[in-house]
Number of protein chains: 2
Amino acid sequence: MKNPKIIRLAGLAPAALALTACGTKQQPNIIFFMVDDMGWVDSQVAYGDEVYPFNERYETPNMKALSEAGVIMTNAYACPVSTPTRTSLMSGMNSVHTHITNWTATMKDTPSDATGGAVAMMNPGATVETGGQLTRPEWNINGLSPVEGYEHTQVATPFPKILKDNGYFTIHVGKAHWASAGTPGASPLNMGFTVNVSGNVAGMPRSYQSDDYYGNTPELWNYLAVQNMTEYYGSGLHLTEALTREALKTLDYPIRHKTPFFLYLAHYATHTPIQRDSRFIQKYLDAGMDEGQARYASMVEGVDKSLGDVLAFIKEKGIEKNTIIIFMTDNGGNSENTAKGGIPHTQNTPLREGKGSCYEGGIRVPLIIRWPGKTPENVRVNTPVVIEDLFPTILEMAGVKNYETVQDVDGESLVKLVTKGAELAEKQSFASQKDANGFVIPESVSGLDPLRPILMHYPHQWKPYDLVDIDYLSSIREGDWKLVYRMREQKLELYNLKEDISERNDLSAQNPEMTAHLAELMTEKFTTWNASMPGIKGTDLHVAMPVELLTRN
Amino acid sequence: MKNPKIIRLAGLAPAALALTACGTKQQPNIIFFMVDDMGWVDSQVAYGDEVYPFNERYETPNMKALSEAGVIMTNAYACPVSTPTRTSLMSGMNSVHTHITNWTATMKDTPSDATGGAVAMMNPGATVETGGQLTRPEWNINGLSPVEGYEHTQVATPFPKILKDNGYFTIHVGKAHWASAGTPGASPLNMGFTVNVSGNVAGMPRSYQSDDYYGNTPELWNYLAVQNMTEYYGSGLHLTEALTREALKTLDYPIRHKTPFFLYLAHYATHTPIQRDSRFIQKYLDAGMDEGQARYASMVEGVDKSLGDVLAFIKEKGIEKNTIIIFMTDNGGNSENTAKGGIPHTQNTPLREGKGSCYEGGIRVPLIIRWPGKTPENVRVNTPVVIEDLFPTILEMAGVKNYETVQDVDGESLVKLVTKGAELAEKQSFASQKDANGFVIPESVSGLDPLRPILMHYPHQWKPYDLVDIDYLSSIREGDWKLVYRMREQKLELYNLKEDISERNDLSAQNPEMTAHLAELMTEKFTTWNASMPGIKGTDLHVAMPVELLTRN
């Protein structure tokens with residue numbers, strides 16, 4: 001691990017605090033704008049080398065404007081599903097390391113594996129066997145915990161706590177989904193947030209509609225009913241709008257007090273249920289989309305409007321120039337079910353598959369970073385980066401140099417990459433879409449090895465039925481090369497992403513050296529972190545380590 | 001009205017803010033510890049002239065200790081039910097003036113009158129006729145609103161907003177119950193609070209028990225399920241304990257930043273449902289109480305433990321000497337139903353009746369004020385005071401001298417009364433229980449006319465069935481004299497509280513002059529504020545003004 005545990009210098013934090021309180025030290029505000037389940041091609045921002053058909057489907061002028069004012073990360077990764085991404089963000093750890101490789105059920109001690117959402121969410125204590133030939137791996141089914149003492153959790157010092165310790169006013173609005181009920185990770189107030197609106201154990205809202213009271217009616221209610229929204233019942237406001245208004249409201253205190261703030265605005269949208277945002281749907285229907293497609297498009301545009309409102313608000317308040325915006329989504333677009341309309345498993349084209357999968361459609365995500373005065377404008381950076389990098393990145397942005405964590409942080413700061421690195425990319429005229437994947441920002445400038453491996457692991461069956469290109473996959477990327485481990489078939493695949501972003505041409509037979517190299521790399525990571533591996537039914541065995549497959553071949 | 005609208009001097013607030021941020025101005029912290037439905041005799045603190053049997057029933061060492069360290073208000077009043085008290089507190093207005101004379105239903109445009117809780121809470125939009133011969137008055141059924149534009153609301157500038165505008169970190173934990181869903185008063189964040197845990201439109205919790213997830217189960221859920229509590233599901237912690245832990249957690253930010261805070265810790269306890277606090281119940285059962293009595297006693301002791309924890313916490317944090325504690329309950333003890341065990345309508349003895357009533361059992365409440373270094377210790381003050389007084393009191397305590405409100409504030413500051421007035425009471429040796437009602441603190445010392453009238457008004461039927469000494473009552477107290485107007489019978493009663501605290505001897509026939517005087521006073525208030533009056537069924541008439549009854553007699 002490259003970032004060893006760092007010991008905070010005694011007495012530093014209080015001094016930093018005092019400085020902050022009297023305004024003699026300028027710390028930037030940071031807004032992390034997290035979107036749920038919105039895919040890599042689901043906006044007008046072309047993160048790819050070209051503008052794909054899906055990029056032209058949605059009206060997202062604010063995402064577009066933000067991308068033009070900031071740095072576009074063309075190779076950004078999150079985990080295949082929600083909780084692993086969100087807990088990697090909070091802990092700075094890879095999901096193999098946290099052993100939080102699947103989403104957490106609302107109730108503790110309830111593995112969500114292969115039950116389909118409703119079963120695990122509505123039946124506390126229920127356990128079911130996974131389908132196929134594999135059995136459920138041991139993993140931290142209760143999610144992340146800020147303190148010791150809770151079974152099946154990974155303990156970590158969340159970065160919002162460190163920000164808080166260093167003078168930040170920390171605000172959580174929207175979806176948390178780090179842990180299950182009955183554990184401290186269920187509450188943002190335990191994770192370093194001073195203010196919380198709606199964040200808890202829910203991974204999706206029962207309803208986005210105010211006429212449904214966001215799920216808070218006797219007919220609809222379940223554990224996913226959205227809390228803290230009573231004032232909007234019957235208001236006509238989509239949940240995305242209501243959460244945005246709450247978020248702007250919470251900024252009142254830090255803005256007045258000139259206190260640096262961290263706002264984590266984590267929209268539930270565009271997660272299922274796919275429900276229309278009535279402000280925006282009509283034009284998509286008029287354009288000939290089916291109901292599902294139009295609903296989803298209206299939800300995307302609702303999120304875009306929220307981003308626009310946030311950007312307009314900080315401008316109006318005169319804090320735009322000292323406010324960093326990080327725009328990201330938590331996994332690939334959901335392509336598994338039919339709620340979104342269109343044809344399942346194609347909705348992230350050109351990327352293969354979607355949410356849940358370790359193919360690119362499930363893990364490659366939008367990421368824009370804008371730091372006024374520090375990041376160049378409208379520059380594309382192609383170095384692969386991953387969700388756990390945001391932990392040290394945000395702390396470095398905040399000027400927090402020495403901090404203590406109980407966990408070993410795996411992520412690496414992107415600050416040099418998005419400042420010096422992006423400036424170099426701009427100078428080299430590689431800022432155009434066409435050549436985006438052609439330029440490598442050297443480690444000497446970015447501080448990041450461009451060949452740093454990016455590891456993904458989903459040792460689970462996602463739904464009660466088999467999903468061949470989603471369940472039981474792992475992957476590791478190094479530069480242009482990516483190895484996919486299909487655990488159910490115990491099979492390795494090799495792709496060259498530069499030439500084959502759609503992962504259609506398995507080159508493992510043609511390039512056994514690279515296959516072996518990446519299998520060894522993956523095995524090393526799995527071994528180091530004692531990865532959660534599925535078992536083979538009817539045996540005491542777990543699925544093989546990738547290197548073992550090389551021997552067998 | 002004695003407190004006209006005050007115009008804030010331009011530019012003053014920002015200056016105050018800046019001073020606060022750098023710690024050059026010391027503003028006291030203020031903790032308002034609000035208990036629900038706990039009666040005047042339901043603790044070891046004897047607010048009366050003597051120790052009554054009920055005072056000996058409960059173990060409340062922390063309330064006792066606080067009373068010995070502060071000023072005990074022996075004649076403190078709140079409204080007969082929850083919302084009128086809580087909105088009078090937030091607005092500084094008498095409930096006749098706010099026209100919020102009954103509790104607000106969870107859903108807007110739903111009068112709670114005479115439906116019994118469940119009907120109005122579970123059937124948005126339901127309207128039912130009141131029982132008896134009276135019809136429902138027009139009142140602000142949607143409660144308090146911080147902004148214009150919502151029907152059936154009283155608009156007011158809430159004092160927490162003014163505190164926030166003057167540098168305070170404002171925290172709401174627990175029960176809000178100022179307004180109905182779909183209106184801004186539903187959310188503490190709109191009422192001037194920066195942090196909110198659990199506060200919304202609920203007037204009671206669906207359950208206090210963690211094994212019930214505080215009502216958040218498919219079987220139990222209704223609009224009263226407690227929000228923001230997921231981390232405690234299954235923890236074994238009674239809601240009172242969980243809210244206390246949340247409250248202490250929220251103090252982290254202001255204590256670290258040396259920012260003055262206002263914490264409104266409003267327990268749901270001891271409201272129905274009367275459910276055991278398992279930490280404390282056994283000894284009450286062992287003492288021979290019935291289940292209901294023991295449950296209630298355990299809830300009272302749970303609240304006492306919470307108070308103790310708060311007091312211990314501020315001591316541990318070294319802020320005890322700069323923290324004001326206001327301990328109060330929101331109305332008289334509930335004596336109407338059988339859940340509390342014992343004999344209904346006797347549970348506030350020696351006071352007549354209980355919650356809902358304008359007899360003393362419904363409106364006379366515990367109130368202790370402790371301001372270290374400012375209030376003397378263990379002193380009893382007998383001047384009548386009323387809930388709306390807390391608005392200007394708290395602002396004066398906070399050092400906020402000039403502020404603007406959209407409403408005319410009716411309450412008067414108690415600061416001189418509990419400092420200079422209490423000191424005088426101490427010197428005069430009237431601090432003993434025996435003589436507590438015998439000494440009048442003159443206005444020249446307290447700033448408060450000891451004959452200032454205290455007005456109460458409950459023009460409603462509380463339950464689906466008639467409650468003869470609760471429904472449709474008004475009262476006005478001046479010194480020792482109190483007039484009760486029984487609107488259903490259109491009858492006036494006069495009591496001398498000094499001689500007859502139980503209101504058993506109607507002196508209206510013997511003292512027609514005082515009866516007439518108080519009837520005129522009540523009529524004047526009703527006329528000035530255009531009081532909400534019930535109608536007489538089958539006619540276009542409202543019930544008479546009190547003076548009209550004098551003519552009829």
# chains A, B, ... in the order shown; residues from 1 in each chain; ligands from 1
call {"tool": "residues_around", "arguments": {"residues": "Thr157 of chain B", "least_positions_apart": "3", "cutoff": "12 Å", "atoms": "only C-alpha atoms", "output": "PyMOL selection string"}}
result
chain B and resi 5+87-93+144-148+154+160-165+185+190-192+391+403-409
call {"tool": "write_last_selection", "arguments": {"atoms": "N, CA, C and O atoms", "output": "short mmCIF file (atom, residue, chain, number, x, y, z; two decimals), in the first residue's frame"}}
result
data_model
loop_
_atom_site.label_atom_id
_atom_site.label_comp_id
_atom_site.auth_asym_id
_atom_site.auth_seq_id
_atom_site.Cartn_x
_atom_site.Cartn_y
_atom_site.Cartn_z
N LYS B 5 -43.62 45.56 18.15
CA LYS B 5 -42.65 45.08 17.17
C LYS B 5 -41.39 45.97 17.25
O LYS B 5 -41.48 47.18 17.32
N THR B 87 -46.14 26.29 19.67
CA THR B 87 -46.17 27.42 18.74
C THR B 87 -46.15 28.75 19.50
O THR B 87 -45.62 29.74 18.98
N SER B 88 -46.69 28.78 20.70
CA SER B 88 -46.57 29.99 21.52
C SER B 88 -45.11 30.20 21.91
O SER B 88 -44.61 31.33 21.91
N LEU B 89 -44.42 29.12 22.20
CA LEU B 89 -43.00 29.21 22.52
C LEU B 89 -42.23 29.78 21.32
O LEU B 89 -41.43 30.71 21.45
N MET B 90 -42.49 29.23 20.15
CA MET B 90 -41.73 29.63 18.96
C MET B 90 -42.06 31.05 18.51
O MET B 90 -41.23 31.72 17.90
N SER B 91 -43.29 31.50 18.79
CA SER B 91 -43.75 32.80 18.29
C SER B 91 -43.78 33.89 19.35
O SER B 91 -43.84 35.08 19.02
N GLY B 92 -43.80 33.50 20.61
CA GLY B 92 -43.96 34.49 21.68
C GLY B 92 -45.37 35.03 21.78
O GLY B 92 -45.63 36.02 22.45
N MET B 93 -46.29 34.37 21.10
CA MET B 93 -47.68 34.84 21.07
C MET B 93 -48.57 33.93 21.92
O MET B 93 -48.37 32.73 22.01
N LEU B 144 -48.11 26.77 12.76
CA LEU B 144 -47.24 27.95 12.61
C LEU B 144 -46.45 27.85 11.31
O LEU B 144 -46.03 26.77 10.91
N SER B 145 -46.24 28.99 10.69
CA SER B 145 -45.41 29.02 9.48
C SER B 145 -44.40 30.16 9.60
O SER B 145 -44.75 31.26 10.03
N PRO B 146 -43.16 29.91 9.20
CA PRO B 146 -42.18 30.99 9.23
C PRO B 146 -42.31 31.94 8.03
O PRO B 146 -41.66 32.98 8.00
N VAL B 147 -43.14 31.57 7.07
CA VAL B 147 -43.31 32.42 5.88
C VAL B 147 -44.78 32.51 5.50
O VAL B 147 -45.59 31.66 5.86
N GLU B 148 -45.10 33.56 4.75
CA GLU B 148 -46.45 33.76 4.23
C GLU B 148 -46.77 32.72 3.16
O GLU B 148 -45.87 32.09 2.61
N GLN B 154 -50.50 30.56 11.22
CA GLN B 154 -50.07 31.84 11.77
C GLN B 154 -48.62 32.05 11.35
O GLN B 154 -47.79 31.16 11.56
N PRO B 160 -35.73 30.81 17.33
CA PRO B 160 -34.46 30.17 16.94
C PRO B 160 -33.83 30.84 15.72
O PRO B 160 -32.61 30.88 15.58
N LYS B 161 -34.68 31.34 14.83
CA LYS B 161 -34.15 32.04 13.66
C LYS B 161 -33.39 33.31 14.10
O LYS B 161 -32.34 33.64 13.56
N ILE B 162 -33.96 33.99 15.09
CA ILE B 162 -33.30 35.21 15.58
C ILE B 162 -31.99 34.84 16.28
O ILE B 162 -30.97 35.52 16.11
N LEU B 163 -32.01 33.77 17.03
CA LEU B 163 -30.76 33.30 17.66
C LEU B 163 -29.72 32.98 16.59
O LEU B 163 -28.54 33.36 16.70
N LYS B 164 -30.16 32.28 15.56
CA LYS B 164 -29.25 31.92 14.46
C LYS B 164 -28.69 33.18 13.80
O LYS B 164 -27.49 33.26 13.51
N ASP B 165 -29.57 34.15 13.60
CA ASP B 165 -29.13 35.41 12.99
C ASP B 165 -28.13 36.15 13.88
O ASP B 165 -27.46 37.06 13.42
N GLY B 185 -43.63 24.93 8.29
CA GLY B 185 -43.48 24.77 9.73
C GLY B 185 -43.27 23.32 10.13
O GLY B 185 -42.97 23.02 11.29
N ASN B 190 -36.62 25.06 8.75
CA ASN B 190 -37.28 26.30 8.33
C ASN B 190 -37.59 27.24 9.48
O ASN B 190 -38.03 28.36 9.27
N MET B 191 -37.42 26.75 10.68
CA MET B 191 -37.80 27.53 11.86
C MET B 191 -36.58 28.13 12.55
O MET B 191 -36.66 28.61 13.68
N GLY B 192 -35.45 28.07 11.88
CA GLY B 192 -34.25 28.69 12.43
C GLY B 192 -33.26 27.70 13.01
O GLY B 192 -32.23 28.11 13.54
N PHE B 391 -40.07 33.24 24.89
CA PHE B 391 -39.54 33.81 23.64
C PHE B 391 -38.66 35.03 23.94
O PHE B 391 -37.44 35.01 23.69
N TYR B 403 -34.35 43.16 17.74
CA TYR B 403 -34.69 42.17 16.72
C TYR B 403 -36.03 42.50 16.12
O TYR B 403 -36.84 43.22 16.70
N GLU B 404 -36.21 41.95 14.96
CA GLU B 404 -37.43 42.23 14.20
C GLU B 404 -38.25 40.96 14.12
O GLU B 404 -37.71 39.87 13.87
N THR B 405 -39.55 41.10 14.34
CA THR B 405 -40.43 39.95 14.17
C THR B 405 -41.61 40.39 13.32
O THR B 405 -42.02 41.55 13.40
N VAL B 406 -42.13 39.49 12.55
CA VAL B 406 -43.32 39.85 11.79
C VAL B 406 -44.55 39.87 12.69
O VAL B 406 -45.54 40.53 12.39
N GLN B 407 -44.50 39.18 13.81
CA GLN B 407 -45.62 39.13 14.72
C GLN B 407 -45.43 40.11 15.88
O GLN B 407 -44.32 40.53 16.17
N ASP B 408 -46.54 40.46 16.53
CA ASP B 408 -46.46 41.17 17.79
C ASP B 408 -46.28 40.13 18.89
O ASP B 408 -47.11 39.22 19.03
N VAL B 409 -45.22 40.28 19.63
CA VAL B 409 -44.92 39.32 20.70
C VAL B 409 -45.72 39.67 21.95
O VAL B 409 -45.73 40.83 22.38
#
call {"tool": "residues_around", "arguments": {"residues": "Ala76 of chain B", "least_positions_apart": "6", "cutoff": "10 Å", "atoms": "only C-alpha atoms", "output": "ChimeraX atom specification"}}
result
/B:40,47,328-329,363-368,381-387,454
call {"tool": "write_last_selection", "arguments": {"atoms": "N, CA, C and O atoms", "output": "CSV table (one decimal), in the first residue's frame"}}
result
chain,number,residue,atom,x,y,z
B,40,TRP,N,-47.4,18.5,36.8
B,40,TRP,CA,-46.8,19.4,37.8
B,40,TRP,C,-46.4,18.7,39.1
B,40,TRP,O,-45.4,19.1,39.7
B,47,TYR,N,-43.4,21.7,43.3
B,47,TYR,CA,-43.6,23.0,42.8
B,47,TYR,C,-44.7,23.7,43.6
B,47,TYR,O,-44.9,24.9,43.6
B,328,MET,N,-38.8,22.4,31.3
B,328,MET,CA,-40.3,22.7,31.3
B,328,MET,C,-41.0,21.5,30.7
B,328,MET,O,-40.4,20.6,30.1
B,329,THR,N,-42.3,21.5,30.9
B,329,THR,CA,-43.2,20.5,30.2
B,329,THR,C,-44.2,21.3,29.4
B,329,THR,O,-44.5,22.5,29.7
B,363,ILE,N,-52.8,22.9,32.8
B,363,ILE,CA,-52.0,24.1,32.3
B,363,ILE,C,-50.9,24.5,33.2
B,363,ILE,O,-49.9,25.1,32.8
B,364,ARG,N,-50.9,24.1,34.5
B,364,ARG,CA,-49.8,24.4,35.4
B,364,ARG,C,-48.7,23.4,35.2
B,364,ARG,O,-49.0,22.2,35.3
B,365,VAL,N,-47.5,23.9,34.9
B,365,VAL,CA,-46.5,23.0,34.5
B,365,VAL,C,-45.2,23.2,35.3
B,365,VAL,O,-45.0,24.3,35.8
B,366,PRO,N,-44.3,22.2,35.4
B,366,PRO,CA,-43.0,22.4,35.9
B,366,PRO,C,-42.2,23.4,35.1
B,366,PRO,O,-42.3,23.4,33.9
B,367,LEU,N,-41.4,24.3,35.8
B,367,LEU,CA,-40.5,25.2,35.1
B,367,LEU,C,-39.4,25.5,36.1
B,367,LEU,O,-39.6,26.0,37.2
B,368,ILE,N,-38.2,25.1,35.6
B,368,ILE,CA,-37.0,25.5,36.4
B,368,ILE,C,-36.0,26.2,35.4
B,368,ILE,O,-35.9,25.8,34.3
B,381,VAL,N,-40.0,31.1,43.0
B,381,VAL,CA,-40.6,32.3,42.5
B,381,VAL,C,-42.1,32.1,42.2
B,381,VAL,O,-42.4,31.2,41.4
B,382,ASN,N,-43.0,32.8,42.8
B,382,ASN,CA,-44.4,32.5,42.7
B,382,ASN,C,-45.1,33.4,41.6
B,382,ASN,O,-46.3,33.2,41.4
B,383,THR,N,-44.5,34.3,41.0
B,383,THR,CA,-45.1,35.2,40.0
B,383,THR,C,-45.6,34.3,38.9
B,383,THR,O,-44.9,33.5,38.3
B,384,PRO,N,-46.9,34.4,38.5
B,384,PRO,CA,-47.4,33.6,37.4
B,384,PRO,C,-46.6,34.0,36.1
B,384,PRO,O,-46.4,35.2,35.8
B,385,VAL,N,-46.2,33.0,35.4
B,385,VAL,CA,-45.5,33.2,34.1
B,385,VAL,C,-46.1,32.2,33.1
B,385,VAL,O,-46.8,31.2,33.5
B,386,VAL,N,-45.9,32.4,31.8
B,386,VAL,CA,-46.6,31.7,30.8
B,386,VAL,C,-45.7,31.4,29.6
B,386,VAL,O,-44.7,32.1,29.4
B,387,ILE,N,-46.0,30.4,28.9
B,387,ILE,CA,-45.2,29.8,27.8
B,387,ILE,C,-44.6,30.9,26.9
B,387,ILE,O,-43.4,30.9,26.5
B,454,ILE,N,-53.2,35.8,32.9
B,454,ILE,CA,-52.7,34.7,32.2
B,454,ILE,C,-53.9,34.0,31.5
B,454,ILE,O,-54.9,33.6,32.2
call {"tool": "closest_atom_pairs", "arguments": {"of": "chain A", "to": "chain B", "cutoff": "6 Å", "atoms": "only C-alpha atoms", "output": "JSON lines"}}
result
{"residue": "A:Cys22", "atom": "CA", "partner": "B:Cys22", "partner_atom": "CA", "distance": 5.2}
{"residue": "A:Ala181", "atom": "CA", "partner": "B:Thr230", "partner_atom": "CA", "distance": 5.0}
{"residue": "A:Gly182", "atom": "CA", "partner": "B:Glu231", "partner_atom": "CA", "distance": 4.4}
{"residue": "A:Thr183", "atom": "CA", "partner": "B:Glu231", "partner_atom": "CA", "distance": 5.1}
{"residue": "A:Pro184", "atom": "CA", "partner": "B:Glu231", "partner_atom": "CA", "distance": 5.4}
{"residue": "A:Ala186", "atom": "CA", "partner": "B:Glu231", "partner_atom": "CA", "distance": 5.1}
{"residue": "A:Val195", "atom": "CA", "partner": "B:Val195", "partner_atom": "CA", "distance": 5.6}
{"residue": "A:Thr230", "atom": "CA", "partner": "B:Ala181", "partner_atom": "CA", "distance": 5.0}
{"residue": "A:Glu231", "atom": "CA", "partner": "B:Gly182", "partner_atom": "CA", "distance": 4.4}
{"residue": "A:Tyr232", "atom": "CA", "partner": "B:Gly182", "partner_atom": "CA", "distance": 5.1}
{"residue": "A:Tyr233", "atom": "CA", "partner": "B:Gly182", "partner_atom": "CA", "distance": 4.7}
{"residue": "A:Gly234", "atom": "CA", "partner": "B:Gly182", "partner_atom": "CA", "distance": 6.0}
call {"tool": "select_by_dssp", "arguments": {"residues": "segment 22-180 of chain A", "states": "helix (DSSP H, G or I)", "output": "PyMOL selection string"}}
result
chain A and resi 53-56+61-69+82-91+95-98+116-122+159-165
call {"tool": "write_last_selection", "arguments": {"atoms": "C-alpha atoms", "output": "PDB file, in the first residue's frame"}}
result
ATOM      1  CA  PRO A  53     -25.950   8.116 -29.409  1.00  0.00           C
ATOM      2  CA  PHE A  54     -26.911   8.079 -25.733  1.00  0.00           C
ATOM      3  CA  ASN A  55     -24.965  11.297 -25.179  1.00  0.00           C
ATOM      4  CA  GLU A  56     -27.411  12.982 -27.516  1.00  0.00           C
ATOM      5  CA  PRO A  61     -26.750  21.734 -19.957  1.00  0.00           C
ATOM      6  CA  ASN A  62     -25.455  22.145 -16.436  1.00  0.00           C
ATOM      7  CA  MET A  63     -23.332  19.010 -16.473  1.00  0.00           C
ATOM      8  CA  LYS A  64     -22.039  20.194 -19.833  1.00  0.00           C
ATOM      9  CA  ALA A  65     -21.242  23.644 -18.489  1.00  0.00           C
ATOM     10  CA  LEU A  66     -19.502  22.187 -15.459  1.00  0.00           C
ATOM     11  CA  SER A  67     -17.391  19.908 -17.641  1.00  0.00           C
ATOM     12  CA  GLU A  68     -16.370  22.909 -19.723  1.00  0.00           C
ATOM     13  CA  ALA A  69     -15.317  24.737 -16.602  1.00  0.00           C
ATOM     14  CA  SER A  82     -23.815   1.382  -4.433  1.00  0.00           C
ATOM     15  CA  THR A  83     -22.541   0.481  -0.951  1.00  0.00           C
ATOM     16  CA  PRO A  84     -19.060  -0.654  -2.015  1.00  0.00           C
ATOM     17  CA  THR A  85     -18.578   2.640  -3.850  1.00  0.00           C
ATOM     18  CA  ARG A  86     -19.916   4.737  -1.016  1.00  0.00           C
ATOM     19  CA  THR A  87     -17.912   2.930   1.653  1.00  0.00           C
ATOM     20  CA  SER A  88     -14.747   3.083  -0.455  1.00  0.00           C
ATOM     21  CA  LEU A  89     -15.315   6.814  -0.743  1.00  0.00           C
ATOM     22  CA  MET A  90     -15.774   7.193   3.018  1.00  0.00           C
ATOM     23  CA  SER A  91     -12.828   4.961   3.926  1.00  0.00           C
ATOM     24  CA  SER A  95     -13.790  -2.707  -1.726  1.00  0.00           C
ATOM     25  CA  VAL A  96     -11.721  -5.918  -1.696  1.00  0.00           C
ATOM     26  CA  HIS A  97      -9.979  -4.457   1.331  1.00  0.00           C
ATOM     27  CA  THR A  98     -13.170  -3.360   3.136  1.00  0.00           C
ATOM     28  CA  GLY A 116     -33.435  -9.480  -4.981  1.00  0.00           C
ATOM     29  CA  GLY A 117     -33.797  -6.223  -3.131  1.00  0.00           C
ATOM     30  CA  ALA A 118     -37.198  -6.722  -1.650  1.00  0.00           C
ATOM     31  CA  VAL A 119     -36.489  -9.949   0.169  1.00  0.00           C
ATOM     32  CA  ALA A 120     -33.489  -8.731   2.120  1.00  0.00           C
ATOM     33  CA  MET A 121     -34.960  -5.339   2.694  1.00  0.00           C
ATOM     34  CA  MET A 122     -38.313  -6.440   3.932  1.00  0.00           C
ATOM     35  CA  PHE A 159     -12.921  11.498   5.793  1.00  0.00           C
ATOM     36  CA  PRO A 160     -15.845  13.774   6.768  1.00  0.00           C
ATOM     37  CA  LYS A 161     -14.794  13.234  10.371  1.00  0.00           C
ATOM     38  CA  ILE A 162     -11.291  14.366   9.506  1.00  0.00           C
ATOM     39  CA  LEU A 163     -12.690  17.400   7.703  1.00  0.00           C
ATOM     40  CA  LYS A 164     -14.812  18.171  10.739  1.00  0.00           C
ATOM     41  CA  ASP A 165     -11.777  17.815  12.982  1.00  0.00           C
TER      42      ASP A 165
END
call {"tool": "residues_around", "arguments": {"residues": "segment 498-503 of chain A", "least_positions_apart": "6", "cutoff": "9 Å", "atoms": "only C-alpha atoms", "output": "PyMOL selection string"}}
result
chain A and resi 349-352+359-361+437-438+479-481
call {"tool": "select_by_dssp", "arguments": {"residues": "segment 57-259 of chain B", "states": "strand (DSSP E)", "output": "PDB file with C-alpha atoms, in the first residue's frame"}}
result
ATOM      1  CA  VAL B  71     -35.066  28.965  40.276  1.00  0.00           C
ATOM      2  CA  ILE B  72     -38.299  27.019  40.655  1.00  0.00           C
ATOM      3  CA  MET B  73     -41.265  28.707  39.063  1.00  0.00           C
ATOM      4  CA  ALA B  76     -45.779  28.471  35.401  1.00  0.00           C
ATOM      5  CA  TYR B  77     -48.312  27.878  32.662  1.00  0.00           C
ATOM      6  CA  LEU B 134     -70.979  22.966  19.583  1.00  0.00           C
ATOM      7  CA  THR B 135     -69.421  23.111  16.163  1.00  0.00           C
ATOM      8  CA  GLY B 143     -50.137  25.512  12.655  1.00  0.00           C
ATOM      9  CA  LEU B 144     -47.243  27.945  12.614  1.00  0.00           C
ATOM     10  CA  SER B 145     -45.411  29.022   9.484  1.00  0.00           C
ATOM     11  CA  THR B 153     -51.338  29.104   9.469  1.00  0.00           C
ATOM     12  CA  GLN B 154     -50.065  31.843  11.774  1.00  0.00           C
ATOM     13  CA  VAL B 155     -46.992  33.481  10.346  1.00  0.00           C
ATOM     14  CA  PHE B 169     -25.718  27.318  16.561  1.00  0.00           C
ATOM     15  CA  THR B 170     -29.282  26.087  16.838  1.00  0.00           C
ATOM     16  CA  ILE B 171     -30.155  22.432  17.323  1.00  0.00           C
ATOM     17  CA  HIS B 172     -33.476  20.640  17.359  1.00  0.00           C
ATOM     18  CA  VAL B 173     -33.740  17.118  18.726  1.00  0.00           C
ATOM     19  CA  GLY B 174     -37.018  15.319  19.245  1.00  0.00           C
ATOM     20  CA  VAL B 195     -29.460  20.866  12.884  1.00  0.00           C
ATOM     21  CA  ASN B 196     -32.502  18.669  13.198  1.00  0.00           C
ATOM     22  CA  VAL B 197     -32.828  15.159  14.504  1.00  0.00           C
TER      23      VAL B 197
END
call {"tool": "residues_around", "arguments": {"residues": "segment 522-536 of chain B", "least_positions_apart": "2", "cutoff": "10 Å", "atoms": "only C-alpha atoms", "output": "PyMOL selection string"}}
result
chain B and resi 1+94-101+130+132-140+453-461+472+474-477+483-485+487-488+516-520+538-548
call {"tool": "atom_distance", "arguments": {"atom1": "atom CA of Val81 of chain A", "atom2": "atom CA of Ile325 of chain A"}}
result
22.9 Å
call {"tool": "atom_distance", "arguments": {"atom1": "atom CA of Lys463 of chain B", "atom2": "atom CA of Leu390 of chain B"}}
result
29.3 Å
call {"tool": "closest_residue", "arguments": {"among": "A:Asp449, A:Asp36, A:Glu353, A:Asp290", "to": "Ala339 of chain A", "atoms": "only C-alpha atoms"}}
result
A:Asp290
